[in-house]
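Visitor: So that we are looking at the same thing, I have put the structure below in structure tokens.
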Amino acid sequence: MITRPGRPARRHAARTVVVALAAIVALTLTGCVTWFLPQKTVTTSTPTRDDVPAALQPYYGQVLTWTDCSDGKQCATARAPLDWNDPGAGEIKLALIRQPATGTKQGSLLTNPGGPGASGFDFVKDSVDFVADKTLQKHFDIVGFDPRGVGRSTAVKCYDAEKMDQYLYGITPGQRGSDQWIAENTTIAKDFGQACQKNTGAPLPKLDTVSAARDLDLLRATLGDKKLNYLGYSYGTYLGTVYAGLYPGKTGRLVLDGALDPAASNFEVTEVQAKGFESALRAYLTDCLTRKDCPFSGTVDDAMGTVGQLLAAVEKSPIRNSDGRELGANTLVTAIITPLYDATAWSYLDKLFETVMKGSAAVAFTLADTYNNRSSDGTYSDNSTEAFVAINCLDYTYDADPALMRQQAAELAKAAPVIGPYMAYGDIGCANWPYKATGQRGPISADGSAPILVVGTTNDPATPYVWAKNLASELQNGHLLTYKGEGHTAYNKSNSCVNDTVDAYLVEGTLPSQGKTC
């Protein structure tokens, strides 16, 4: 998703935000996801028996046992090396779920919804029709999995619900960017990292995306597919890109929707996302001002100024919610950006601004809780926050020098005057993480890969269009499909042109014409 405003890490957009918003009824949260225990063994897999080093053969050659688990779907658990550079140093578990192909099966289609930290297992279990349309469901086993560190796989664990509330929603003392404020956030970050280290143990330093991409190849082999067919959204595009860079000869048909640019630095990601959400907010206000029930008046610039004033007001004097939590600027920004992922959810912004202007924090917390997967009873339905931080802290490099962060904060405020100031200082958390980053930023060409279809939306706030263009040009065999519209990601939520083009590639291998726009 995006930078957690005022907190120690950036969150890339995940399609699960859109799924969660679609499940809100009368602005109340969905309940916790229930786990359906396996009941009956239905089949086993036939691994491909790839030629791999002897130490990896027990993993690549394992037979998956699939069991009935939920609404016609089947579940399994795979084993993977904890450390791919030392396969004998322990192992982790990876949770999988699949919906068998409804017609003649061409193979498996693995999918990742984003995050990092979003559950691919829940993505398929709860919303397979949102993952893939009926055409893809006919031709492929749709396979969701929780990457290492996430959900039902070997997972990150840091805080209980009460401490997570304070971490996500607490008001940091001091003026934003002051020495006191930075010191307070440094303490918050160190405490969080130490809790993650204590409660997670050995897996914590091994949750990087390169390791997850190696897990993905292992899953491909255990599923019995000689080539990987893959549909990745948001951060899932980065996972797919890293896979293609590591295993170009094993790429089948890859679709990367809502692309991240692997060459973008930590600050470049934050700045481009700040601009993206600022642009989406302006698009919402442009639409809002055409309607009689819009809570704003005047010009779009006037309305943007009003939003800025609201943020400044709750920054100075937070609004207390009925449950005792206080609505500060960080949480209000989270509430604002949540409906910006999908233009069909803009109506929630009307209610949000209307109620905040009247001094109520209820709707703001409903939206922020949806973003953070916090249930109405105060518990958290998954570990997506912990996993997000743990993975990103390994994938990017960080610099928490106060002078540099203040300079970057000024640049963000200039680039995105309303949203930008609250996306600054994100380096504090990962600069104080217990383990050093291992990821290397740079273009990935995946020389020798099969064609890779990159899908970009022109006004995507979370993974802006420029990243899709960059990735398509960086990949040796990248092909760009453009959706001209609003919202985060395009397949199965925009128009038939996008859907038909993606389906034609995944099912038949037919690529769109160069520069195709839908």
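Going by the structure tokens order, chains are called A, B, ..., each with residues numbered from 1, while ligands are numbered from 1 in the order shown.
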Could you pull the residues within 12 Å of Val466 (chain A), counting only C-alpha atoms, minus those fewer than 3 positions along the same chain, as an mmCIF file with N, CA and C atoms, in the first residue's frame?
Guide:
```cif
data_model
loop_
_atom_site.group_PDB
_atom_site.id
_atom_site.type_symbol
_atom_site.label_atom_id
_atom_site.label_comp_id
_atom_site.auth_asym_id
_atom_site.auth_seq_id
_atom_site.Cartn_x
_atom_site.Cartn_y
_atom_site.Cartn_z
ATOM 1 N N GLY A 258 -0.732 -3.214 -12.130
ATOM 2 C CA GLY A 258 -0.458 -2.246 -11.071
ATOM 3 C C GLY A 258 1.005 -2.321 -10.693
ATOM 4 N N ALA A 259 1.872 -2.075 -11.658
ATOM 5 C CA ALA A 259 3.278 -2.441 -11.540
ATOM 6 C C ALA A 259 4.078 -1.527 -10.619
ATOM 7 N N LEU A 260 5.035 -2.141 -9.927
ATOM 8 C CA LEU A 260 6.082 -1.417 -9.228
ATOM 9 C C LEU A 260 7.326 -1.394 -10.104
ATOM 10 N N ASP A 261 8.082 -0.327 -10.009
ATOM 11 C CA ASP A 261 9.349 -0.211 -10.729
ATOM 12 C C ASP A 261 10.457 -0.708 -9.806
ATOM 13 N N ALA A 264 13.157 1.805 -8.649
ATOM 14 C CA ALA A 264 12.827 2.996 -7.859
ATOM 15 C C ALA A 264 13.383 2.866 -6.443
ATOM 16 N N GLU A 268 11.987 7.656 -3.946
ATOM 17 C CA GLU A 268 11.284 7.813 -5.226
ATOM 18 C C GLU A 268 9.912 7.153 -5.174
ATOM 19 N N VAL A 269 9.819 5.994 -4.516
ATOM 20 C CA VAL A 269 8.528 5.332 -4.368
ATOM 21 C C VAL A 269 7.574 6.212 -3.570
ATOM 22 N N VAL A 272 6.457 9.390 -5.620
ATOM 23 C CA VAL A 272 5.528 9.098 -6.720
ATOM 24 C C VAL A 272 4.169 8.697 -6.162
ATOM 25 N N GLN A 273 4.157 7.944 -5.065
ATOM 26 C CA GLN A 273 2.864 7.581 -4.473
ATOM 27 C C GLN A 273 2.161 8.805 -3.891
ATOM 28 N N LYS A 275 2.309 11.828 -4.999
ATOM 29 C CA LYS A 275 1.714 12.499 -6.156
ATOM 30 C C LYS A 275 0.486 11.743 -6.650
ATOM 31 N N GLY A 276 0.557 10.409 -6.627
ATOM 32 C CA GLY A 276 -0.546 9.601 -7.118
ATOM 33 C C GLY A 276 -1.801 9.783 -6.283
ATOM 34 N N VAL A 454 2.506 -6.262 -18.885
ATOM 35 C CA VAL A 454 2.449 -5.283 -17.803
ATOM 36 C C VAL A 454 1.213 -4.419 -18.029
ATOM 37 N N VAL A 455 0.358 -4.320 -17.019
ATOM 38 C CA VAL A 455 -0.874 -3.542 -17.122
ATOM 39 C C VAL A 455 -0.752 -2.310 -16.234
ATOM 40 N N GLY A 456 -0.990 -1.126 -16.808
ATOM 41 C CA GLY A 456 -0.912 0.115 -16.056
ATOM 42 C C GLY A 456 -2.161 0.955 -16.223
ATOM 43 N N THR A 457 -2.615 1.567 -15.120
ATOM 44 C CA THR A 457 -3.780 2.452 -15.132
ATOM 45 C C THR A 457 -3.298 3.892 -15.069
ATOM 46 N N THR A 458 -3.843 4.750 -15.934
ATOM 47 C CA THR A 458 -3.269 6.096 -16.093
ATOM 48 C C THR A 458 -3.367 6.952 -14.838
ATOM 49 N N ASN A 459 -4.402 6.742 -13.995
ATOM 50 C CA ASN A 459 -4.475 7.507 -12.750
ATOM 51 C C ASN A 459 -4.593 6.567 -11.556
ATOM 52 N N ASP A 460 -3.691 5.603 -11.545
ATOM 53 C CA ASP A 460 -3.579 4.689 -10.409
ATOM 54 C C ASP A 460 -2.854 5.434 -9.292
ATOM 55 N N PRO A 461 -3.488 5.619 -8.120
ATOM 56 C CA PRO A 461 -2.860 6.417 -7.078
ATOM 57 C C PRO A 461 -1.755 5.683 -6.329
ATOM 58 N N ALA A 462 -1.828 4.368 -6.244
ATOM 59 C CA ALA A 462 -0.907 3.614 -5.405
ATOM 60 C C ALA A 462 0.316 3.104 -6.165
ATOM 61 N N THR A 463 0.101 2.656 -7.399
ATOM 62 C CA THR A 463 1.208 2.252 -8.268
ATOM 63 C C THR A 463 1.076 3.058 -9.564
ATOM 64 N N LYS A 469 5.038 1.885 -17.170
ATOM 65 C CA LYS A 469 5.827 2.211 -18.364
ATOM 66 C C LYS A 469 7.293 1.861 -18.157
ATOM 67 N N ASN A 470 7.814 2.204 -16.991
ATOM 68 C CA ASN A 470 9.224 1.901 -16.714
ATOM 69 C C ASN A 470 9.484 0.403 -16.735
ATOM 70 N N LEU A 471 8.622 -0.351 -16.047
ATOM 71 C CA LEU A 471 8.845 -1.794 -15.969
ATOM 72 C C LEU A 471 8.755 -2.441 -17.340
ATOM 73 N N ALA A 472 7.768 -2.052 -18.117
ATOM 74 C CA ALA A 472 7.613 -2.647 -19.445
ATOM 75 C C ALA A 472 8.831 -2.389 -20.321
ATOM 76 N N SER A 473 9.465 -1.230 -20.146
ATOM 77 C CA SER A 473 10.650 -0.909 -20.942
ATOM 78 C C SER A 473 11.908 -1.569 -20.383
ATOM 79 N N LEU A 480 3.373 -3.517 -22.713
ATOM 80 C CA LEU A 480 2.524 -2.649 -21.908
ATOM 81 C C LEU A 480 1.098 -2.611 -22.442
ATOM 82 N N THR A 482 -2.304 -0.420 -21.503
ATOM 83 C CA THR A 482 -2.711 0.762 -20.748
ATOM 84 C C THR A 482 -4.220 0.810 -20.588
#
```
Visitor: At most 8 Å is the cut-off: for each residue in region 305-416 of chain A with any atom that close to an atom of region 292-295 of chain A, write down the nearest atom pair and the distance in Å rounded to one decimal, counting only C-alpha atoms, chain first then increasing number, as a tab-separated table.
Guide:
```
residue	atom	partner	partner_atom	distance
A:Asp350	CA	A:Pro295	CA	6.4
A:Phe353	CA	A:Pro295	CA	6.8
A:Glu354	CA	A:Pro295	CA	5.7
```
Visitor: Got time to write the residues from that selection, N, CA and C atoms, as an mmCIF file, in the first residue's frame?
Guide:
```cif
data_model
loop_
_atom_site.group_PDB
_atom_site.id
_atom_site.type_symbol
_atom_site.label_atom_id
_atom_site.label_comp_id
_atom_site.auth_asym_id
_atom_site.auth_seq_id
_atom_site.Cartn_x
_atom_site.Cartn_y
_atom_site.Cartn_z
ATOM 1 N N ASP A 350 -17.395 11.057 0.618
ATOM 2 C CA ASP A 350 -18.428 12.048 0.949
ATOM 3 C C ASP A 350 -18.792 11.945 2.429
ATOM 4 N N PHE A 353 -15.755 13.002 4.868
ATOM 5 C CA PHE A 353 -15.521 14.438 5.043
ATOM 6 C C PHE A 353 -16.694 15.117 5.742
ATOM 7 N N GLU A 354 -17.900 14.692 5.416
ATOM 8 C CA GLU A 354 -19.079 15.274 6.049
ATOM 9 C C GLU A 354 -19.029 15.083 7.569
#
```
Visitor: Need the shell around Ala413 (chain A): protein/DNA/RNA residues with any atom at most 10 Å away, counting only C-alpha atoms. Skip same-chain ones fewer than 4 positions apart. Format as a count of residues only?
Guide: 13
Visitor: Need the shell around Ala95 (chain A): protein/DNA/RNA residues with any atom at most 9 Å away, counting only C-alpha atoms. Skip same-chain ones fewer than 5 positions apart. Format as a list of chain:residue names?
Guide: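 Neighbouring residues, sequence-local ones excluded: A:Cys75, A:Ala76, A:Thr77, A:Ala78, A:Phe121, A:Gly144, A:Phe145, A:Asp146, A:Pro147, A:Gly151, A:Arg152, A:Ser153, A:Thr154.
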Visitor: Can you tell me which residues surround Lys493 (chain A) at a distance of at most 10 Å, considering only C-alpha atoms, apart from same-chain residues fewer than 4 positions away, and format the answer as a PyMOL selection string?
Guide: chain A and resi 18+130-131+342+344+487-489+498-499
Visitor: Please write the residues from the selection above to a file, keeping N, CA and C atoms, as an mmCIF file, in the first residue's frame.
Guide:
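Output (selection.cif):
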```cif
data_model
loop_
_atom_site.group_PDB
_atom_site.id
_atom_site.type_symbol
_atom_site.label_atom_id
_atom_site.label_comp_id
_atom_site.auth_asym_id
_atom_site.auth_seq_id
_atom_site.Cartn_x
_atom_site.Cartn_y
_atom_site.Cartn_z
ATOM 1 N N VAL A 18 -9.492 -2.938 -1.889
ATOM 2 C CA VAL A 18 -10.693 -2.818 -2.708
ATOM 3 C C VAL A 18 -11.676 -3.920 -2.350
ATOM 4 N N PHE A 130 -13.093 -12.125 -7.914
ATOM 5 C CA PHE A 130 -12.375 -10.862 -8.022
ATOM 6 C C PHE A 130 -10.951 -11.089 -8.491
ATOM 7 N N VAL A 131 -10.408 -12.272 -8.180
ATOM 8 C CA VAL A 131 -9.054 -12.631 -8.607
ATOM 9 C C VAL A 131 -8.997 -12.818 -10.113
ATOM 10 N N ASP A 342 -10.225 2.869 -5.480
ATOM 11 C CA ASP A 342 -11.236 2.455 -6.455
ATOM 12 C C ASP A 342 -12.277 3.561 -6.564
ATOM 13 N N THR A 344 -15.175 3.561 -7.591
ATOM 14 C CA THR A 344 -16.522 3.171 -7.192
ATOM 15 C C THR A 344 -16.737 3.324 -5.688
ATOM 16 N N GLY A 487 -8.234 4.482 -10.405
ATOM 17 C CA GLY A 487 -8.223 3.341 -9.501
ATOM 18 C C GLY A 487 -6.955 2.522 -9.581
ATOM 19 N N HIS A 488 -6.845 1.627 -8.604
ATOM 20 C CA HIS A 488 -5.651 0.797 -8.463
ATOM 21 C C HIS A 488 -5.876 -0.568 -9.081
ATOM 22 N N THR A 489 -5.084 -0.885 -10.096
ATOM 23 C CA THR A 489 -5.138 -2.097 -10.923
ATOM 24 C C THR A 489 -6.343 -2.055 -11.850
ATOM 25 N N VAL A 498 -9.763 -4.611 -21.223
ATOM 26 C CA VAL A 498 -8.662 -5.091 -20.389
ATOM 27 C C VAL A 498 -8.818 -6.587 -20.129
ATOM 28 N N ASN A 499 -10.011 -6.993 -19.697
ATOM 29 C CA ASN A 499 -10.231 -8.399 -19.366
ATOM 30 C C ASN A 499 -9.966 -9.315 -20.555
#
```
Visitor: Please provide as a list in words all residues within 9 Å of region 507-513 of chain A, with the sequence filter that same-chain residues fewer than 3 positions apart are discarded (counting only C-alpha atoms).
Guide: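 Using only C-alpha atoms, the neighbours found are Gln106, Thr135, Leu136, His139, Phe140, Arg253, Pro451, Leu453, His479, Leu480, Leu481, Thr501, Val502, Asp503, Ala504 and Lys516 of chain A.
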Visitor: Based on the selection just made, write N, CA and C atoms of those residues as a CSV table (one decimal), in the first residue's frame.
Guide:
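What follows is the written file part.csv:
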```csv
chain,number,residue,atom,x,y,z
A,106,GLN,N,-5.4,-26.1,-18.3
A,106,GLN,CA,-4.1,-25.9,-19.0
A,106,GLN,C,-3.0,-25.9,-18.0
A,135,THR,N,-13.4,-17.0,-17.5
A,135,THR,CA,-12.6,-17.6,-18.5
A,135,THR,C,-11.3,-18.2,-17.9
A,136,LEU,N,-10.7,-17.5,-17.1
A,136,LEU,CA,-9.5,-18.0,-16.5
A,136,LEU,C,-9.8,-19.2,-15.5
A,139,HIS,N,-10.0,-22.4,-17.4
A,139,HIS,CA,-8.7,-23.0,-18.0
A,139,HIS,C,-7.6,-23.3,-17.0
A,140,PHE,N,-7.7,-22.7,-15.8
A,140,PHE,CA,-6.6,-22.9,-14.9
A,140,PHE,C,-7.1,-23.3,-13.5
A,253,ARG,N,3.4,-17.6,-18.7
A,253,ARG,CA,2.7,-16.4,-19.1
A,253,ARG,C,2.5,-15.6,-17.8
A,451,PRO,N,7.4,-13.6,-23.1
A,451,PRO,CA,6.7,-12.3,-23.0
A,451,PRO,C,6.0,-12.1,-21.7
A,453,LEU,N,3.3,-9.5,-19.8
A,453,LEU,CA,2.3,-8.4,-20.0
A,453,LEU,C,2.2,-7.6,-18.7
A,479,HIS,N,5.7,-6.1,-22.3
A,479,HIS,CA,4.6,-5.5,-23.2
A,479,HIS,C,3.6,-4.8,-22.4
A,480,LEU,N,3.4,-3.5,-22.7
A,480,LEU,CA,2.5,-2.6,-21.9
A,480,LEU,C,1.1,-2.6,-22.4
A,481,LEU,N,0.1,-2.8,-21.5
A,481,LEU,CA,-1.3,-2.6,-21.8
A,481,LEU,C,-1.7,-1.5,-20.9
A,501,THR,N,-8.1,-8.8,-23.2
A,501,THR,CA,-6.7,-8.8,-23.5
A,501,THR,C,-5.9,-9.7,-22.6
A,502,VAL,N,-6.1,-9.5,-21.3
A,502,VAL,CA,-5.4,-10.4,-20.4
A,502,VAL,C,-5.8,-11.8,-20.5
A,503,ASP,N,-7.1,-12.1,-20.7
A,503,ASP,CA,-7.5,-13.5,-20.9
A,503,ASP,C,-6.9,-14.1,-22.2
A,504,ALA,N,-6.8,-13.3,-23.2
A,504,ALA,CA,-6.3,-13.9,-24.5
A,504,ALA,C,-4.8,-14.2,-24.3
A,516,LYS,N,-1.2,-0.7,-27.0
A,516,LYS,CA,-2.7,-0.8,-26.9
A,516,LYS,C,-3.2,-0.1,-25.6
```
Visitor: Find, counting only C-alpha atoms, the residue in A:Arg214, A:Asp133, A:Gly170, A:Ile142 that gets nearest to Ala80 (chain A).
Guide: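 Ranking A:Arg214, A:Asp133, A:Gly170, A:Ile142 by distance to Ala80 (chain A), first place goes to A:Arg214.
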Visitor: Out of A:Leu352, A:Ser449, A:Asp427, A:Asp122, which residue has the shortest atom-to-atom distance to Tyr243 (chain A) when counting only C-alpha atoms?
Guide: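 That would be A:Ser449, the residue with the smallest distance to Tyr243 (chain A).
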Visitor: List every residue of region 214-271 of chain A that has an atom at most 10 Å from any atom of region 52-62 of chain A, giving for each one its closest atom pair and the distance in Å to one decimal, counting only C-alpha atoms, sorted by chain and then by ascending residue number, as JSON lines.
Guide:
```
{"residue": "A:Asp215", "atom": "CA", "partner": "A:Tyr59", "partner_atom": "CA", "distance": 9.9}
{"residue": "A:Asp217", "atom": "CA", "partner": "A:Tyr60", "partner_atom": "CA", "distance": 8.9}
{"residue": "A:Leu218", "atom": "CA", "partner": "A:Tyr60", "partner_atom": "CA", "distance": 5.7}
{"residue": "A:Leu219", "atom": "CA", "partner": "A:Tyr60", "partner_atom": "CA", "distance": 8.1}
{"residue": "A:Arg220", "atom": "CA", "partner": "A:Tyr60", "partner_atom": "CA", "distance": 9.1}
{"residue": "A:Ala221", "atom": "CA", "partner": "A:Tyr60", "partner_atom": "CA", "distance": 6.2}
{"residue": "A:Thr222", "atom": "CA", "partner": "A:Tyr60", "partner_atom": "CA", "distance": 6.1}
{"residue": "A:Leu223", "atom": "CA", "partner": "A:Gln62", "partner_atom": "CA", "distance": 9.7}
{"residue": "A:Gly224", "atom": "CA", "partner": "A:Gly61", "partner_atom": "CA", "distance": 9.9}
```
Visitor: Would you please work out which residue, of A:Arg282, A:Lys73, A:Lys206, A:Arg79, is nearest to Ile97 (chain A) when using only C-alpha atoms?
Guide: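 Closest candidate: A:Lys73.
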Visitor: Among region 232-479 of chain A, which ones does DSSP place in strand (DSSP E), written as a PyMOL selection string?
Guide: chain A and resi 232-233+251-257+319-320+326-327+452-459+478-479
Visitor: For Leu82 (chain A), which of A:Thr370, A:Asn321, A:Ser375, A:Ser211 is the closest residue, counting only C-alpha atoms?
Guide: A:Ser211
Visitor: Rounded to one decimal place, report the CA of Gly515 (chain A)-CA of Thr251 (chain A) distance in Å.
Guide: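 Atom-to-atom, CA of Gly515 (chain A) to CA of Thr251 (chain A), that is 22.5 Å.
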Visitor: Please identify which residues in region 167-266 of chain A DSSP calls helix (DSSP H, G or I) from the backbone, and express them as a ChimeraX atom specification.
Guide: /A:167-169,179-200,204-206,209-223,235-246,248-250,266
Visitor: Considering only C-alpha atoms, state which residue in the set A:Gly114, A:Gly72, A:Tyr505, A:Asn477 is at the smallest distance from Thr102 (chain A).
Guide: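 Closest residue, counting only C-alpha atoms: A:Gly72.
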Visitor: Find the spatial neighbours of Gln197 (chain A), counting only C-alpha atoms, within a cut-off of 8 Å - ignore same-chain residues fewer than 5 positions away - and output them as a compact mmCIF listing (two decimals) with N, CA and C atoms, in the first residue's frame.
Guide:
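File produced: selection24.txt:
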```
# COMPACT_ATOMS: atom_id res chain seq x y z
N CYS A 158 4.34 -9.80 16.00
CA CYS A 158 4.99 -8.73 16.76
C CYS A 158 4.18 -8.32 17.98
N LEU A 204 12.53 -14.10 10.80
CA LEU A 204 12.41 -12.65 10.56
C LEU A 204 13.42 -12.11 9.55
N PRO A 434 15.84 -4.57 13.30
CA PRO A 434 16.89 -5.41 13.87
C PRO A 434 17.86 -5.99 12.85
```
Visitor: Per residue of region 226-261 of chain A within 12 Å of region 382-399 of chain A, which atom pair is closest and at what distance in Å (one decimal), using only C-alpha atoms, listed by chain and increasing number, as CSV?
Guide:
```
residue,atom,partner,partner_atom,distance
A:Tyr235,CA,A:Phe388,CA,10.3
A:Tyr238,CA,A:Asp395,CA,10.6
A:Leu239,CA,A:Asp395,CA,11.0
A:Val242,CA,A:Asp395,CA,11.3
```
